[in-house]
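S.K.: Structure supplied as final.txt; contents: compact mmCIF, C-alpha atoms.
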```
# COMPACT_ATOMS: atom_id res chain seq x y z
CA MET L 30 40.08 211.06 293.84
CA VAL L 31 43.70 209.91 293.87
CA VAL L 32 44.84 206.39 294.74
CA PRO L 33 48.25 206.53 296.44
CA CYS L 34 50.68 203.94 297.78
CA PHE L 35 53.23 204.62 300.50
CA LEU L 36 56.75 203.30 300.98
CA ILE L 37 58.06 203.56 304.54
CA ARG L 38 61.78 202.84 304.93
CA HIS L 39 63.02 201.58 308.30
CA PRO L 40 66.40 200.15 309.35
CA LYS L 41 64.69 196.77 309.86
CA GLY L 42 62.97 196.70 306.46
CA ASP L 43 60.81 198.42 303.87
CA LEU L 44 57.04 198.53 304.35
CA VAL L 45 54.49 199.30 301.65
CA TRP L 46 51.20 200.64 302.98
CA ASP L 47 48.45 200.03 300.40
CA ALA L 48 49.29 198.95 296.87
CA GLY L 49 46.98 200.96 294.64
CA LEU L 50 45.16 199.99 291.49
CA PRO L 51 46.75 197.21 289.42
CA ASP L 52 49.62 198.23 287.14
CA THR L 53 47.96 196.21 284.36
CA LEU L 54 45.55 199.13 283.86
CA HIS L 55 48.49 201.18 282.57
CA ALA L 56 48.49 199.05 279.40
CA GLN L 57 44.88 199.99 278.61
CA PRO L 58 44.15 202.73 276.01
CA GLY L 59 44.70 206.05 277.73
CA HIS L 60 45.99 204.13 280.78
CA GLN L 61 42.42 203.77 281.99
CA ILE L 62 39.33 201.61 282.06
CA LYS L 63 35.68 202.64 282.43
CA THR L 64 33.44 200.62 284.72
CA ALA L 65 30.02 200.96 286.32
CA LEU L 66 31.77 202.48 289.34
CA GLY L 67 33.59 205.11 287.30
CA THR L 68 36.84 205.53 285.37
CA PHE L 69 39.97 204.00 286.87
CA SER L 70 43.30 205.34 285.61
CA VAL L 71 46.92 204.34 286.22
CA PRO L 72 49.05 206.97 284.43
CA VAL L 73 52.14 206.04 286.49
CA THR L 74 52.75 202.47 287.60
CA PHE L 75 53.48 201.26 291.10
CA ALA L 76 56.57 199.37 289.87
CA SER L 77 58.01 202.43 288.10
CA GLN L 78 57.66 204.56 291.21
CA LEU L 79 59.55 201.96 293.23
CA ALA L 80 62.17 201.85 290.47
CA ALA L 81 62.68 205.61 290.91
CA ALA L 82 63.91 204.74 294.42
CA ASN L 83 66.05 201.87 293.05
CA ILE L 84 63.76 199.22 294.56
CA ALA L 85 62.22 196.22 292.84
CA PRO L 86 58.77 195.10 294.07
CA GLY L 87 60.18 191.71 294.98
CA GLU L 88 62.61 193.35 297.41
CA ILE L 89 59.90 194.79 299.68
CA GLU L 90 59.93 193.02 303.07
CA PHE L 91 56.46 193.97 304.39
CA PHE L 92 53.07 194.85 302.93
CA ALA L 93 50.22 196.19 305.07
CA PRO L 94 46.88 197.07 303.44
CA SER L 95 44.56 199.50 305.20
CA HIS L 96 41.83 197.18 303.89
CA THR L 97 41.29 194.78 301.03
CA HIS L 98 39.35 196.77 298.45
CA LEU L 99 40.78 196.56 294.95
CA ASP L 100 42.29 200.06 294.89
CA HIS L 101 44.35 199.22 297.99
CA ILE L 102 45.62 195.75 297.07
CA GLY L 103 45.87 196.01 293.27
CA ASN L 104 49.59 195.19 293.12
CA VAL L 105 49.91 192.70 295.97
CA GLN L 106 50.91 190.02 293.47
CA LEU L 107 54.07 192.03 292.67
CA LEU L 108 55.15 192.01 296.33
CA LYS L 109 56.07 188.33 296.20
CA ALA L 110 58.58 188.30 299.06
CA ALA L 111 56.69 190.58 301.44
CA THR L 112 55.31 189.42 304.75
CA ILE L 113 51.68 190.55 304.85
CA ILE L 114 50.52 192.41 307.96
CA ILE L 115 46.74 192.55 308.17
CA ASN L 116 43.95 192.86 310.71
CA ARG L 117 42.63 189.44 311.71
CA LYS L 118 39.01 190.28 310.84
CA GLU L 119 40.07 191.76 307.49
CA HIS L 120 41.99 188.60 306.67
CA GLU L 121 38.91 186.52 307.44
CA PHE L 122 36.75 188.91 305.36
CA LEU L 123 39.17 188.65 302.43
CA PHE L 124 38.66 184.92 302.14
CA GLY L 125 34.93 185.05 302.80
CA GLU L 126 32.18 185.16 300.23
CA LEU L 127 31.49 188.91 300.31
CA GLY L 128 32.68 191.51 297.86
CA TYR L 129 34.73 189.67 295.25
CA ALA L 130 33.70 188.18 291.94
CA GLU L 131 35.38 184.95 290.89
CA THR L 132 37.76 186.69 288.45
CA GLU L 133 38.89 189.21 291.09
CA ARG L 134 39.28 186.43 293.62
CA ALA L 135 41.58 184.48 291.30
CA ILE L 136 43.76 187.49 290.51
CA PHE L 137 43.92 189.40 293.80
CA VAL L 138 42.66 187.32 296.70
CA ASP L 139 44.69 184.29 295.68
CA ALA L 140 47.82 186.46 295.86
CA PHE L 141 47.34 186.42 299.67
CA ARG L 142 47.22 182.63 299.90
CA ASP L 143 50.15 180.66 301.31
CA ARG L 144 52.01 183.86 302.23
CA GLU L 145 53.87 184.60 305.44
CA THR L 146 51.24 186.61 307.29
CA ILE L 147 51.08 188.50 310.57
CA THR L 148 47.59 189.21 311.90
CA TYR L 149 46.69 191.60 314.69
CA ASP L 150 43.53 192.69 316.50
CA ASN L 151 43.66 196.24 317.90
CA LYS L 152 47.05 197.63 316.92
CA TYR L 153 50.43 196.41 315.76
CA ASP L 154 53.84 198.00 316.30
CA VAL L 155 55.56 196.84 313.11
CA PHE L 156 59.19 197.11 314.23
CA GLY L 157 58.69 197.26 317.99
CA ASP L 158 60.09 200.78 318.39
CA GLY L 159 56.92 202.88 318.14
CA LYS L 160 57.91 204.36 314.77
CA ILE L 161 55.32 202.54 312.65
CA ILE L 162 52.07 201.50 314.33
CA ILE L 163 48.96 200.12 312.63
CA HIS L 164 45.70 200.97 314.42
CA SER L 165 42.48 199.03 313.85
CA MET L 166 39.68 201.42 312.87
CA PRO L 167 36.89 199.21 311.49
CA GLY L 168 33.70 200.21 309.75
CA HIS L 169 34.60 200.81 306.13
CA THR L 170 35.43 197.10 306.13
CA PRO L 171 35.47 194.68 309.09
CA GLY L 172 39.20 195.09 309.69
CA HIS L 173 39.99 198.51 308.25
CA ALA L 174 43.09 200.20 309.72
CA VAL L 175 45.06 203.44 309.70
CA LEU L 176 48.81 203.90 309.88
CA GLN L 177 50.82 205.99 312.34
CA VAL L 178 54.33 206.88 311.15
CA THR L 179 56.70 208.95 313.29
CA LEU L 180 59.36 210.56 311.10
CA ASN L 181 62.62 211.94 312.43
CA ASN L 182 62.09 215.53 311.27
CA HIS L 183 58.49 215.75 310.05
CA GLY L 184 57.12 214.17 313.22
CA PRO L 185 53.97 212.02 313.54
CA LEU L 186 51.92 211.34 310.42
CA LEU L 187 48.59 209.51 310.15
CA LEU L 188 47.52 207.83 306.90
CA THR L 189 43.75 207.39 306.95
CA GLY L 190 43.13 204.54 304.52
CA ASP L 191 39.44 204.94 303.65
CA LEU L 192 38.25 206.08 307.07
CA PHE L 193 37.72 209.39 305.26
CA HIS L 194 37.66 209.72 301.47
CA LEU L 195 37.87 213.50 301.16
CA ALA L 196 38.45 216.50 303.43
CA GLU L 197 34.68 217.07 303.57
CA SER L 198 34.23 213.49 304.76
CA ARG L 199 36.30 214.27 307.83
CA GLN L 200 34.73 217.66 308.48
CA ARG L 201 31.16 216.34 308.26
CA ARG L 202 31.78 212.77 309.47
CA ILE L 203 30.32 211.39 306.26
CA VAL L 204 29.79 207.62 306.18
CA PRO L 205 29.49 206.17 302.66
CA SER L 206 26.41 204.02 302.08
CA TYR L 207 28.60 201.09 301.03
CA ASN L 208 30.56 200.93 304.30
CA PHE L 209 30.41 197.63 306.13
CA ASP L 210 29.13 199.12 309.41
CA ALA L 211 28.08 202.77 309.84
CA MET L 212 28.19 202.80 313.65
CA GLN L 213 31.65 201.22 313.69
CA THR L 214 32.78 203.84 311.18
CA LEU L 215 31.59 206.71 313.39
CA ALA L 216 33.24 205.17 316.46
CA SER L 217 36.48 204.82 314.51
CA MET L 218 36.27 208.45 313.38
CA THR L 219 36.00 209.50 317.03
CA ALA L 220 38.93 207.29 318.02
CA PHE L 221 40.96 208.64 315.12
CA GLU L 222 40.43 212.28 316.13
CA SER L 223 41.51 211.46 319.69
CA LEU L 224 44.66 209.79 318.38
CA ALA L 225 45.42 212.67 316.01
CA ASP L 226 45.01 215.21 318.84
CA GLU L 227 47.12 213.13 321.23
CA LEU L 228 49.96 212.87 318.72
CA GLY L 229 49.60 216.33 317.19
CA ALA L 230 49.79 214.42 313.93
CA ASP L 231 49.83 215.58 310.34
CA VAL L 232 46.79 213.83 308.83
CA VAL L 233 46.91 212.61 305.24
CA ILE L 234 43.51 211.72 303.80
CA GLN L 235 44.71 209.24 301.25
CA HIS L 236 42.16 209.84 298.46
CA ALA L 237 42.13 213.65 298.84
CA PRO L 238 43.94 215.34 295.91
CA GLU L 239 45.05 218.29 298.02
CA ASP L 240 46.75 216.02 300.56
CA PHE L 241 48.40 214.02 297.78
CA ASP L 242 49.68 217.19 296.09
CA ARG L 243 51.43 218.42 299.23
CA LEU L 244 53.48 215.22 299.54
CA PRO L 245 56.81 214.82 297.72
CA SER L 246 56.83 212.73 294.55
CA PRO L 247 59.23 209.79 294.17
CA PRO L 248 62.17 209.70 294.51
CA GLN L 249 61.71 212.64 296.91
CA PHE L 250 60.48 211.78 300.42
CA LEU L 251 59.45 213.00 303.85
CA ASP L 252 62.07 212.52 306.54
```
What do you get writing this file as structure tokens?

M.R.:
Amino acid sequence: MVVPCFLIRHPKGDLVWDAGLPDTLHAQPGHQIKTALGTFSVPVTFASQLAAANIAPGEIEFFAPSHTHLDHIGNVQLLKAATIIINRKEHEFLFGELGYAETERAIFVDAFRDRETITYDNKYDVFGDGKIIIHSMPGHTPGHAVLQVTLNNHGPLLLTGDLFHLAESRQRRIVPSYNFDAMQTLASMTAFESLADELGADVVIQHAPEDFDRLPSPPQFLD
């Protein structure tokens, strides 16, 4: 699977949706580390991809995670000036006792503390013009969300977070055993398909290699 991050540029500010695995993994031998969950690799850093667009991480105005698993918040500590936009239940989950070891909590969770934060419940129109809307679609985690982006030429785009992990996940409505709530996940899948049909949206399954490969690489972009 791939682990992407997305930069959305708007006249009122730059938004990063998900922040990938931590750049610190790039310094490991072979740019990777092996764990009980598998091999995690960062061949190209988050910071270097922003640099290709002449942006420093500290210049990003907004950061919105689809959810707070490590591969989606790994570089939050680099986004020091960003206002965090996060589902209210996900924010509560982040600071709860589930899911994070003490070392991870110190490195990643603490990066969310004492930050300017906007929380929402069902959906949030980031800039108030309907161009970038975050939709709550819980189940994978308590406050998991997907992102709707309406581009000038490309049209509506939906970024799935981890609602689906692969194309087969969407086709077969597969719910991973480690999801927070299976029934919530299935309800969110149904709501997502209704939204995608209503918008006629291009759907990007974030971890699917084929969807990643059809997107332009920095500094190229969709318009």

S.K.: In Å, how far is it from CA of Gln106 (chain L) to CA of Pro247 (chain L)?

M.R.: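 Going from CA of Gln106 (chain L) over to CA of Pro247 (chain L), I get 21.5 Å.
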
S.K.: Return as a Markdown table the residues of region 32-58 of chain L lying at most 12 Å from region 163-174 of chain L, together with the closest atom-to-atom pair for each and the distance in Å to one decimal, counting all atoms listed in the file, with rows in chain order and ascending residue number.

M.R.:
```
| residue | atom | partner | partner_atom | distance |
| --- | --- | --- | --- | --- |
| L:Leu44 | CA | L:Ile163 | CA | 11.7 |
| L:Trp46 | CA | L:Ile163 | CA | 9.9 |
| L:Asp47 | CA | L:Ala174 | CA | 10.8 |
```

S.K.: Quick one: of L:Asp52, L:Glu239, L:Asp154, L:Glu121, who's nearest to Arg142 (chain L), counting all atoms listed in the file?

M.R.: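 Once distances to Arg142 (chain L) are computed over all atoms listed in the file, the minimum belongs to L:Glu121.
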
S.K.: Can you work out which one of L:Val71, L:Ile114, L:Ala225, L:Met30 has the shortest atom-to-atom distance to Asp191 (chain L), counting only C-alpha atoms?

M.R.: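 Closest candidate: L:Met30.
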
S.K.: I'd like to know which of L:Thr214, L:Thr146, L:Asn104, L:Gln200 is closest to Phe91 (chain L), using only C-alpha atoms.

M.R.: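 Checking each of L:Thr214, L:Thr146, L:Asn104, L:Gln200 against Phe91 (chain L), counting only C-alpha atoms, the winner is L:Thr146.
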